Amino acid sequence: MASTEKDFIVAIELGSSKISAIAGKKKDGTMHVLAYAEERTTACVKRGVVWNIEKTYQSVNNVIAKLENVLKTKVVKAYVGLAGQSLRSYRCVVKRNMLTQSYITNEAVDSIRQESYEIPLPEYEVLENFPQEYVIDQNVVADPVGVMGTNVEGEYLNVIAKTKLRNSLRTVFGNTNVKIAGELIAPLELANNVLEDSEKRSGCALVDLGADTTTVIIYKNNIMRYLVTIPLGMNNVNKDLATMQIEDGEAEELKLKYGDMSMAGVESKSDDNLTYTTSDGRKLEVSQIRSVINARVTEIISNVSNQIGRSNYSEKLLAGVILTGGGSNMRGIDKAFMSNINVDKCRIARTINQPVVKTSNAAGFISDSGRCNSLVSLLMAGTQSCDGGDYDAMDLFDSQIRKDNIQAAQQKQQEQAEAEREAAVTFDEIKAAIRSQIQKVQSAIAEVEKYGKDKQVRVKAESLAVSALQVLDDKYTQACEALDGKDKFKQSLREGSDLAEMLRDAVGSLKEKAAQAKKDNSMMGRFKNFIDSVVNE
């Protein structure tokens, strides 16, 4: 029996592609990952924002149950990340007249900063506040405490988000048995664990390439200067590929296989003759697939470039751009950023800058792809123990049943998908055979019209008229039934039906031509033709 873990920290991230949870324990400055779990999301979370409360808390319950199964301990708390498309920075300035020349005190600075929190923003709330600079009687200073002056002006960068972001999270966890140990701003924790101090000091832009969103954070002189969440992510590439009648799973496979931003804008002759066969048997040009991928990723990069320009720090990023997140794994993505953004450096951060060790129980956790960097950063920020006593073995049993049911459903889906693929391939082969028969019948019609006097030509035509329709046998009917009712095969089925009708019409015409030629070249037919020719003369 596995040992029971104690005094561990738990973090949960509600992402657009998955809800993930992680448990870990710090030992000698190293984070040991004890357990990891994830649930794929579809309509639960969109662009980092809870969309369906019920489905989301069910998914949260599921990932917590998976952690507990491994840890053999109840999880009663968890640190949760705040993110999503409404998360951004907002600059504000607070002015204060001290009435007389006096030294600026800590109390005065705290009062000015508190006022910056209270600036009204309808439907938004301030999550965090970062002092940028102070102006004392027209003199710019970094720290005003102890400086003599009358007029004080403080510039602050507020990190804001829509109020419903935090409210939705609290509603979700209110339906679970897990309390929120802390609400952490995910992009800021990510920056703290991915960026080097020298990069923050020299000036850099951290770009987190997520599924539905792309987050940009800019640092200069060790101060955060700008934050924005762009409502575009790598899932948009999948959606673009889906317009080519490709399913999501296959679109993700194509993106990983053919996505290469180092080839963006470059015509490759090696792609000209390459094709990809889809699951339903269609042929797609690889050059077209790459074009779709490159167009969307270039758009995302263009939006990032635009936001860096709006920050007014585009000329001050001496450390360049740092990429992280799942999208940073696309080949050539760093080269594409350097060619589209005015920077000399681009680093891909696939791991955080703190030592992390994966234990044997943390199946599914991948530490070097950038996909878990945000989640691990939330874990690193945790300080409270999240365990809660003995684990009920009945929960393990129930979870195993649920897991078995899920696996059975997945197996059934895989078998159905395989059957569909086989039926699609068979149907395409039958369509090719029908086209071949149509060509043969049309050639036979032309031959009968030209050489109808030849008995062998007529006999051959009559034989073909009988055998040509054999291609529309039980195999054709079974393939039609296997694909019927499935939207992605509608076009193929319609094409097959049209071809079958064309073949029947051609065979009918061939029979008529052969019968007429036989009649015209019989003894009675030749006599009739002779009489007709005499009368005409």
# chains A, B, ... in the order shown; residues from 1 in each chain; ligands from 1
$ select_by_dssp --residues "range 80-257 of chain A" --states "strand (DSSP E or B)" --output "ChimeraX atom specification"
/A:80-82,88-103,124-136,139-141,148-162,179-185,204-209,214-220,223-230
$ closest_atom_pairs --of "range 170-205 of chain A" --to "range 295-315 of chain A" --cutoff "10 Å" --atoms "only C-alpha atoms" --output "CSV"
residue,atom,partner,partner_atom,distance
A:Gly203,CA,A:Tyr313,CA,8.2
A:Cys204,CA,A:Tyr313,CA,8.9
A:Ala205,CA,A:Ile308,CA,7.7
$ write_last_selection --atoms "N, CA, C and O atoms" --output "compact mmCIF listing (two decimals), in the first residue's frame"
# COMPACT_ATOMS: atom_id res chain seq x y z
N GLY A 203 15.01 44.78 -19.38
CA GLY A 203 13.80 45.03 -20.16
C GLY A 203 13.49 43.85 -21.05
O GLY A 203 14.31 43.43 -21.86
N CYS A 204 12.30 43.28 -20.87
CA CYS A 204 11.91 42.12 -21.66
C CYS A 204 10.40 42.04 -21.76
O CYS A 204 9.67 42.68 -21.00
N ALA A 205 9.96 41.24 -22.71
CA ALA A 205 8.53 40.95 -22.87
C ALA A 205 8.35 39.44 -22.73
O ALA A 205 8.93 38.67 -23.49
$ atom_distance --atom1 "CA of Phe427 in chain A" --atom2 "CA of Gly485 in chain A"
14.9 Å
$ closest_residue --among "A:Lys46, A:Ile341, A:Tyr134, A:Val356" --to "Asn373 in chain A" --atoms "only C-alpha atoms"
A:Val356
$ residues_around --residues "range 365-368 of chain A" --least-positions-apart "6" --cutoff "10 Å" --atoms "only C-alpha atoms" --output "VMD selection string"
chain A and resid 20 to 22 33 to 38 349 to 352 356 to 359 376
$ closest_residue --among "A:Leu317, A:Val457, A:Leu241, A:Ala419" --to "Gln288 in chain A" --atoms "only C-alpha atoms"
A:Leu241
$ closest_atom_pairs --of "range 154-201 of chain A" --to "range 103-118 of chain A" --cutoff "8 Å" --atoms "only C-alpha atoms" --output "JSON lines"
{"residue": "A:Gly154", "atom": "CA", "partner": "A:Ile112", "partner_atom": "CA", "distance": 7.1}
{"residue": "A:Tyr156", "atom": "CA", "partner": "A:Ser116", "partner_atom": "CA", "distance": 7.0}
{"residue": "A:Asn158", "atom": "CA", "partner": "A:Tyr117", "partner_atom": "CA", "distance": 7.5}
$ write_last_selection --atoms "all heavy atoms" --output "short mmCIF file (atom, residue, chain, number, x, y, z; two decimals), in the first residue's frame"
data_model
loop_
_atom_site.label_atom_id
_atom_site.label_comp_id
_atom_site.auth_asym_id
_atom_site.auth_seq_id
_atom_site.Cartn_x
_atom_site.Cartn_y
_atom_site.Cartn_z
N GLY A 154 2.07 60.39 -7.98
CA GLY A 154 2.43 58.98 -8.06
C GLY A 154 1.79 58.31 -9.27
O GLY A 154 0.58 58.46 -9.48
N TYR A 156 0.95 54.73 -11.09
CA TYR A 156 0.80 53.34 -10.70
C TYR A 156 0.27 52.51 -11.87
O TYR A 156 -0.42 53.02 -12.76
CB TYR A 156 -0.16 53.21 -9.51
CG TYR A 156 0.29 53.95 -8.29
CD1 TYR A 156 -0.10 55.28 -8.09
CD2 TYR A 156 1.11 53.36 -7.34
CE1 TYR A 156 0.32 55.99 -6.98
CE2 TYR A 156 1.52 54.04 -6.21
CZ TYR A 156 1.13 55.36 -6.05
OH TYR A 156 1.56 56.05 -4.94
N ASN A 158 -2.10 49.43 -12.27
CA ASN A 158 -3.05 48.51 -11.65
C ASN A 158 -3.28 47.31 -12.55
O ASN A 158 -3.49 47.46 -13.76
CB ASN A 158 -4.39 49.20 -11.40
CG ASN A 158 -4.32 50.21 -10.26
OD1 ASN A 158 -3.43 50.14 -9.42
ND2 ASN A 158 -5.25 51.15 -10.23
#
$ residues_around --residues "Leu184 in chain A" --least-positions-apart "6" --cutoff "9 Å" --atoms "only C-alpha atoms" --output "list in words"
Tyr79, Val80, Gly81, Leu82, Ala83, Leu378 and Ala381 of chain A
$ atom_distance --atom1 "CA of Leu318 in chain A" --atom2 "CA of Leu195 in chain A"
13.5 Å
$ residues_around --residues "Gln101 in chain A" --least-positions-apart "5" --cutoff "7 Å" --atoms "only C-alpha atoms" --output "JSON, numbers by chain"
{"A": [148, 149, 150]}
$ write_last_selection --atoms "C-alpha atoms" --output "PDB file, in the first residue's frame"
ATOM      1  CA  MET A 148      11.479  67.194   0.592  1.00  0.00           C
ATOM      2  CA  GLY A 149       8.606  68.574  -1.501  1.00  0.00           C
ATOM      3  CA  THR A 150       5.153  70.105  -1.716  1.00  0.00           C
TER       4      THR A 150
END
$ closest_residue --among "A:Thr275, A:Ser385, A:Thr213, A:Gln456" --to "Ser86 in chain A" --atoms "only C-alpha atoms"
A:Thr213
